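Here's the structure, in structure tokens; my notes come after.
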Amino acid sequence: MIRHYSRGTVMRGIGAIATGLLLAGSLAACSTTAASGESTDVSTLQNGKDLGYLRVGIANEPPYTEVNADGSVHGGEPDVLREVLKTMGIGEIQGIITPYDAMIPGLNANRWDVVAAGLFMKQSRCAAVAYSEPIIVSTESYGTPVGNPKNITTLADIQENTDLKIAVLSGGFEEGILKTIELPQGQIVLVKDSRSGMEAVTANRADAFLLPTLSLRALVEQDPSIEVTDPIEDAPRTGSGAAFRKGDTELLAEYNKQLAVFKETQAYTDIMVKWGFDPEAAKGVTAAELCENEG
Ligand code: 6CS
């Protein structure tokens, strides 16, 4: 991705970023209005080095992504992204919260430079963006009423009982799972966020809420009104890493090179363990394998 910045804009941008970083995590992107005078072609990688940060699309769904009260961005994905970018000369990330179904359109519209949100790899997404090698491989579960009264534990269970209604995030990976198994639309309850998914279950509009296991567990820690099943054994393996624009080949290549080194460090293990992920799960798994996921 080549964007045209005049040298003056780049220098003004660096000054602006120095101020911005003092605000610790303000959610902003640098101005890209082209000034008069000579223009220079600046790649996303070089632009990140010049300005000191990359803009990252996130969801704010712990433990994958979490935005603190001061605006700082954390979670398994952003914490790894930040450390790997530092080895590449890019000191910080600026988070922009967005729904999952807007992450790829926003990336390709240059509203952010990378997605690091646990945006699980599957065929259609891998066709639209350039994923790094995976840093997280995780599982899916159901959030059900306490006691799981309808004993919903697998995808087969909801296919066999057409009375069951399942809440999923609109445009999320889980909606894709239900479409792949050809669940009738009448059994699918689309919700806009995790809170709404939980409420669909507690208000009896849905019999279960399909979401990553660790995300449901984080929600239940705050609100034990539902319970979380064991990982769904017939659900696809979910894997994620940083997602870049297809044209940012230089950024992807350098990121993967540094990521391979970082995944062998104690710092990587510490981040994964801190957020509840298995640091061994992503080792030996490739983006190519995870991109075979249907949907
Ligand atoms: O990749 C996705 O669309 C899913 N990823 C996470 C971390 N949560 C739910 C979302 O649907």
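Labeling convention for the structure tokens: chains A, B, ... as they appear, residues from 1 per chain, ligands from 1 in order of appearance.
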### Task
Check which residues fall inside 6 Å of ligand 1 when counting only C-alpha atoms and all ligand atoms, and print them as a ChimeraX atom specification.
/A:64,100,118-120,169,172-174,211-212
### Task
Excluding Phe277 of chain A and residues on its chain fewer than 4 positions from it, collect all residues at most 12 Å away from it, counting only C-alpha atoms, and give them as a PyMOL selection string.
chain A and resi 62-64+75-77+118+135-139+212-215+239+268-273+281-282
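Excluding segment 257-266 of chain A itself and any same-chain residue fewer than 6 positions from it, the protein and nucleic acid residues within 9 Å of it, counting only C-alpha atoms, are A:Val80, A:Leu81, A:Glu83, A:Val84, A:Leu85, A:Thr87, A:Met88, A:Ser132, A:Glu133, A:Ile135, A:Pro279, A:Lys283.
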Could you turn the residues from that selection into a file that holds N, CA, C and O atoms, as a tab-separated table (two decimals), in the first residue's frame?
chain	number	residue	atom	x	y	z
A	80	VAL	N	0.85	-9.00	21.41
A	80	VAL	CA	1.88	-9.61	20.55
A	80	VAL	C	2.23	-8.66	19.40
A	80	VAL	O	3.40	-8.42	19.10
A	81	LEU	N	1.21	-8.06	18.78
A	81	LEU	CA	1.45	-7.12	17.67
A	81	LEU	C	2.41	-6.03	18.12
A	81	LEU	O	3.41	-5.73	17.43
A	83	GLU	N	4.66	-5.93	20.50
A	83	GLU	CA	6.05	-6.38	20.75
A	83	GLU	C	6.77	-6.70	19.44
A	83	GLU	O	7.95	-6.40	19.29
A	84	VAL	N	6.07	-7.28	18.49
A	84	VAL	CA	6.73	-7.60	17.22
A	84	VAL	C	7.02	-6.32	16.44
A	84	VAL	O	8.11	-6.14	15.88
A	85	LEU	N	6.08	-5.37	16.44
A	85	LEU	CA	6.32	-4.11	15.73
A	85	LEU	C	7.51	-3.35	16.32
A	85	LEU	O	8.27	-2.70	15.61
A	87	THR	N	10.20	-4.57	17.39
A	87	THR	CA	11.46	-5.11	16.80
A	87	THR	C	11.66	-4.59	15.38
A	87	THR	O	12.75	-4.72	14.83
A	88	MET	N	10.58	-4.00	14.82
A	88	MET	CA	10.66	-3.50	13.44
A	88	MET	C	10.82	-1.99	13.41
A	88	MET	O	10.74	-1.36	12.36
A	132	SER	N	-0.80	-12.73	8.81
A	132	SER	CA	0.49	-13.23	9.30
A	132	SER	C	0.31	-14.68	9.70
A	132	SER	O	-0.81	-15.21	9.71
A	133	GLU	N	1.41	-15.34	10.04
A	133	GLU	CA	1.29	-16.68	10.63
A	133	GLU	C	0.52	-16.54	11.95
A	133	GLU	O	0.54	-15.48	12.59
A	135	ILE	N	-0.88	-16.51	15.75
A	135	ILE	CA	-0.33	-16.40	17.11
A	135	ILE	C	-1.25	-17.05	18.12
A	135	ILE	O	-0.83	-17.38	19.22
A	279	PRO	N	0.12	-21.28	24.80
A	279	PRO	CA	1.22	-20.80	23.96
A	279	PRO	C	1.74	-21.85	22.98
A	279	PRO	O	2.38	-21.51	21.99
A	283	LYS	N	1.86	-23.14	17.70
A	283	LYS	CA	3.16	-23.58	17.14
A	283	LYS	C	2.95	-24.79	16.24
A	283	LYS	O	2.26	-25.73	16.60
### Query
What is the atom CA of Arg111 of chain A-atom CA of Ser170 of chain A distance in Å, reported with one decimal?
20.7 Å
Nearby residues (only C-alpha atoms) at most 12 Å from Pro231 of chain A, same-chain spacing under 2 positions excluded, as a PDB file with C-alpha atoms, in the first residue's frame:
ATOM      1  CA  SER A 138      -8.467 -21.384  20.171  1.00  0.00           C
ATOM      2  CA  THR A 139     -11.888 -22.996  20.572  1.00  0.00           C
ATOM      3  CA  GLU A 140     -15.600 -22.188  20.399  1.00  0.00           C
ATOM      4  CA  SER A 141     -18.251 -22.832  23.082  1.00  0.00           C
ATOM      5  CA  TYR A 142     -21.907 -22.167  23.814  1.00  0.00           C
ATOM      6  CA  GLY A 143     -23.119 -19.775  26.453  1.00  0.00           C
ATOM      7  CA  ILE A 152     -26.564 -28.209  23.823  1.00  0.00           C
ATOM      8  CA  THR A 153     -22.909 -29.204  23.460  1.00  0.00           C
ATOM      9  CA  THR A 154     -22.182 -29.780  19.760  1.00  0.00           C
ATOM     10  CA  LEU A 155     -23.071 -28.401  16.329  1.00  0.00           C
ATOM     11  CA  LEU A 210     -22.003 -19.269  20.111  1.00  0.00           C
ATOM     12  CA  LEU A 211     -18.713 -17.442  20.812  1.00  0.00           C
ATOM     13  CA  PRO A 212     -15.067 -18.303  21.552  1.00  0.00           C
ATOM     14  CA  THR A 213     -14.668 -20.273  24.764  1.00  0.00           C
ATOM     15  CA  LEU A 214     -12.368 -17.742  26.439  1.00  0.00           C
ATOM     16  CA  SER A 215     -14.546 -14.775  25.460  1.00  0.00           C
ATOM     17  CA  LEU A 216     -17.577 -16.435  27.072  1.00  0.00           C
ATOM     18  CA  ARG A 217     -15.578 -17.248  30.187  1.00  0.00           C
ATOM     19  CA  VAL A 228     -20.109 -21.879  29.332  1.00  0.00           C
ATOM     20  CA  THR A 229     -19.942 -25.327  27.763  1.00  0.00           C
ATOM     21  CA  GLU A 233     -15.779 -30.788  19.634  1.00  0.00           C
ATOM     22  CA  ASP A 234     -17.260 -30.581  16.099  1.00  0.00           C
ATOM     23  CA  ALA A 235     -16.590 -26.842  15.610  1.00  0.00           C
ATOM     24  CA  PRO A 236     -13.681 -25.780  13.344  1.00  0.00           C
ATOM     25  CA  ARG A 237     -10.291 -24.926  14.910  1.00  0.00           C
ATOM     26  CA  THR A 238     -10.110 -21.105  15.169  1.00  0.00           C
TER      27      THR A 238
END
### Task
Run DSSP on the backbone and give me the residues of segment 19-242 of chain A it puts in alpha helix (DSSP H), as number ranges by chain.
A: 19-22, 44-51, 76-87, 100-108, 123-128, 155-160, 173-180, 194-202, 213-222
